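Structure file query-v3.csv; described as CSV, C-alpha atoms.
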chain,number,residue,atom,x,y,z
I,1,MET,CA,-19.8,5.9,19.4
I,2,GLU,CA,-19.6,2.3,20.5
I,3,GLU,CA,-18.8,1.1,17.0
I,4,GLU,CA,-16.0,3.5,16.7
I,5,VAL,CA,-14.4,2.8,20.0
I,6,GLN,CA,-14.8,-1.0,20.2
I,7,PRO,CA,-12.0,-2.1,17.8
I,8,GLY,CA,-9.2,-0.2,19.5
I,9,LEU,CA,-10.5,-0.4,23.1
I,10,VAL,CA,-8.4,-3.3,24.3
I,11,VAL,CA,-5.3,-2.3,22.4
I,12,ALA,CA,-5.5,1.2,23.7
I,13,LEU,CA,-6.0,0.5,27.4
I,14,LEU,CA,-4.4,-2.9,27.9
I,15,GLU,CA,-1.7,-3.4,25.3
I,16,HIS,CA,-0.4,0.2,24.9
I,17,GLU,CA,3.0,0.6,26.6
I,18,GLY,CA,3.3,4.2,27.5
I,19,ILE,CA,6.1,3.5,30.1
I,20,GLY,CA,9.1,2.2,28.3
I,21,GLY,CA,11.3,-0.6,29.7
I,22,LEU,CA,8.8,-2.2,32.1
I,23,SER,CA,7.7,-5.2,30.1
I,24,GLY,CA,11.1,-6.0,28.5
I,25,ASP,CA,11.7,-6.9,24.9
I,26,LYS,CA,9.7,-10.1,24.7
I,27,PRO,CA,6.8,-9.9,22.3
I,28,ARG,CA,3.3,-10.5,23.7
I,29,PRO,CA,1.1,-13.0,21.8
I,30,MET,CA,-2.1,-11.7,20.4
I,31,ARG,CA,-5.0,-13.8,21.6
I,32,GLY,CA,-8.6,-13.9,20.4
I,33,ARG,CA,-11.0,-11.6,22.2
I,34,ALA,CA,-14.1,-13.2,23.5
I,35,GLY,CA,-15.9,-9.9,23.5
I,36,SER,CA,-15.5,-9.3,19.8
I,37,THR,CA,-18.7,-8.8,17.9
I,38,GLY,CA,-17.5,-10.8,14.9
I,39,ASN,CA,-18.2,-7.9,12.6
I,40,ASP,CA,-14.5,-7.1,11.7
I,41,LEU,CA,-15.0,-6.6,8.0
I,42,ASP,CA,-14.6,-2.8,8.2
I,43,THR,CA,-11.9,-2.7,10.9
I,44,PRO,CA,-8.2,-3.4,10.7
I,45,THR,CA,-7.2,-6.8,12.1
I,46,HIS,CA,-4.5,-5.3,14.3
I,47,LEU,CA,-4.1,-1.8,15.6
I,48,ASP,CA,-0.6,-0.5,16.5
I,49,PRO,CA,-0.6,-0.2,20.3
I,50,LYS,CA,1.5,2.9,20.1
I,51,GLU,CA,-1.2,4.7,18.1
I,52,ALA,CA,-4.3,3.1,19.7
I,53,LEU,CA,-4.4,5.3,22.9
I,54,ASP,CA,-3.9,8.5,20.9
I,55,GLY,CA,-6.6,7.3,18.5
I,56,LEU,CA,-9.0,6.7,21.4
I,57,LEU,CA,-8.4,10.1,22.9
I,58,THR,CA,-8.9,11.7,19.4
I,59,GLN,CA,-12.2,9.9,19.1
I,60,LEU,CA,-13.3,11.0,22.5
I,61,THR,CA,-12.3,14.6,21.8
I,62,ARG,CA,-14.2,14.6,18.5
I,63,PHE,CA,-17.3,13.2,20.1
I,64,HIS,CA,-17.0,15.8,22.9
I,65,LEU,CA,-16.7,18.6,20.4
I,66,VAL,CA,-19.8,17.4,18.5
I,67,LEU,CA,-21.8,17.4,21.7
I,68,GLN,CA,-20.6,20.9,22.6
I,69,LYS,CA,-21.3,22.3,19.2
I,70,HIS,CA,-24.9,21.0,19.4
I,71,GLY,CA,-25.4,23.0,22.5
I,72,LEU,CA,-25.9,20.2,24.9
I,73,ASP,CA,-25.9,21.1,28.6
I,74,PRO,CA,-22.5,20.4,30.3
I,75,GLU,CA,-24.1,18.2,32.9
I,76,ILE,CA,-25.6,16.0,30.2
I,77,ILE,CA,-22.3,15.8,28.5
I,78,SER,CA,-20.7,14.7,31.8
I,79,GLN,CA,-23.3,12.0,32.2
I,80,ILE,CA,-22.7,10.8,28.7
I,81,PHE,CA,-19.0,10.5,29.3
I,82,ARG,CA,-19.6,8.7,32.6
I,83,GLN,CA,-21.4,6.1,30.7
I,84,ILE,CA,-18.7,6.0,28.0
I,85,PHE,CA,-16.0,5.5,30.6
I,86,TYR,CA,-18.2,2.8,32.3
I,87,TYR,CA,-18.3,1.0,28.9
I,88,LEU,CA,-14.6,1.4,28.4
I,89,CYS,CA,-13.8,0.0,31.8
I,90,ALA,CA,-16.2,-2.9,31.5
I,91,GLY,CA,-14.9,-3.9,28.1
I,92,SER,CA,-11.3,-3.7,29.3
I,93,LEU,CA,-12.0,-5.6,32.5
I,94,ASN,CA,-13.8,-8.4,30.6
I,95,ASP,CA,-10.8,-8.8,28.3
I,96,LEU,CA,-8.3,-8.5,31.2
I,97,LEU,CA,-9.9,-11.4,33.1
I,98,LEU,CA,-9.6,-13.7,30.1
I,99,ARG,CA,-5.9,-13.1,29.4
I,100,LYS,CA,-3.2,-14.7,31.6
I,101,ASP,CA,-0.5,-12.6,29.9
I,102,MET,CA,-1.9,-9.5,31.6
I,103,CYS,CA,-1.5,-10.8,35.1
I,104,HIS,CA,1.9,-9.2,36.0
I,105,TRP,CA,2.8,-6.1,38.0
I,106,SER,CA,4.5,-4.4,35.1
I,107,ARG,CA,1.4,-4.8,32.9
I,108,GLY,CA,-0.6,-3.4,35.8
I,109,MET,CA,1.6,-0.3,35.8
I,110,GLN,CA,1.1,0.1,32.1
I,111,ILE,CA,-2.6,-0.2,32.4
I,112,ARG,CA,-2.7,2.3,35.3
I,113,TYR,CA,-0.7,4.7,33.1
I,114,ASN,CA,-3.1,4.3,30.2
I,115,ILE,CA,-6.1,4.9,32.5
I,116,ALA,CA,-4.3,8.0,33.9
I,117,GLN,CA,-4.2,9.3,30.4
I,118,LEU,CA,-8.0,9.0,30.1
I,119,GLU,CA,-8.4,10.6,33.5
I,120,GLN,CA,-6.2,13.5,32.5
I,121,TRP,CA,-8.2,13.9,29.2
I,122,ALA,CA,-11.4,14.1,31.2
I,123,ARG,CA,-9.9,16.8,33.6
I,124,ASP,CA,-8.7,18.8,30.5
I,125,GLN,CA,-12.3,18.7,29.1
I,126,ASN,CA,-13.8,19.7,32.5
I,127,LEU,CA,-15.7,16.4,32.8
I,128,GLU,CA,-15.6,16.0,36.5
How does the structure come out when it is put into structure tokens?
Amino acid sequence: MEEEVQPGLVVALLEHEGIGGLSGDKPRPMRGRAGSTGNDLDTPTHLDPKEALDGLLTQLTRFHLVLQKHGLDPEIISQIFRQIFYYLCAGSLNDLLLRKDMCHWSRGMQIRYNIAQLEQWARDQNLE
């Protein structure tokens, strides 16, 4: 799961702009990620931020369905997703702390919106 989520994690949670008009029209420079594993041969060099959050939610849904189809106890599934969300938050926070272009209230609103999308997905899957 980690290998599937890692390439689009930062793009989905930090760079996706779900609320239009907050950040203006100026393009944001892409900076190198210190948390990258260096194994980018199989992954695209740049993911479209507009599709990254949807892709992340699709991956989480697919993983959730696999766990359910294998008959895993719902409490175990909830614990697994708590760990996955911990990983998502830790990876995003690490990248956030290294990027000055993210330190603005409008970017904070965008990030909060993206996190709210993940929270809503978890509620829809009954992962409380």
Q: Would you mind telling me which residue in I:Asp95, I:Asp48, I:Asp54, I:Glu128 lies nearest to I:Arg82 when using only C-alpha atoms?
A: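 Closest residue, counting only C-alpha atoms: I:Glu128.
The nearest approach to I:Ala90 among the residues I:Leu47, I:Trp121, I:Tyr113, I:Leu13, with only C-alpha atoms taken into account, belongs to I:Leu13.
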(Q) Report, in Å with one decimal, the straight-line distance from atom CA of I:Glu15 to atom CA of I:Gly108. (A)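 So the answer is 10.6 Å.
Minimum distance to I:Leu88 across I:Asn114, I:Asn126, I:Thr58, I:Gln6 (counting only C-alpha atoms) occurs at I:Gln6.
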Q.
Excluding I:Val5 and its own-chain neighbours fewer than 3 positions away, which residues fall within 10 Å of it when counting all atoms listed in the file? Please give them as a ChimeraX atom specification.
A. /I:1-2,8-10,12,55-57,59-60,84,87-88
Q) Taking all atoms listed in the file into account, which of I:Pro7, I:Leu65, I:Ser106, I:Leu93 comes nearest I:Pro49? A) I:Pro7
(Q) Please report the interatomic distance between atom CA of I:Gly91 and atom CA of I:Glu4 in Å with one decimal. (A)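 Spanning atom CA of I:Gly91 to atom CA of I:Glu4 is a straight-line distance of 13.6 Å.
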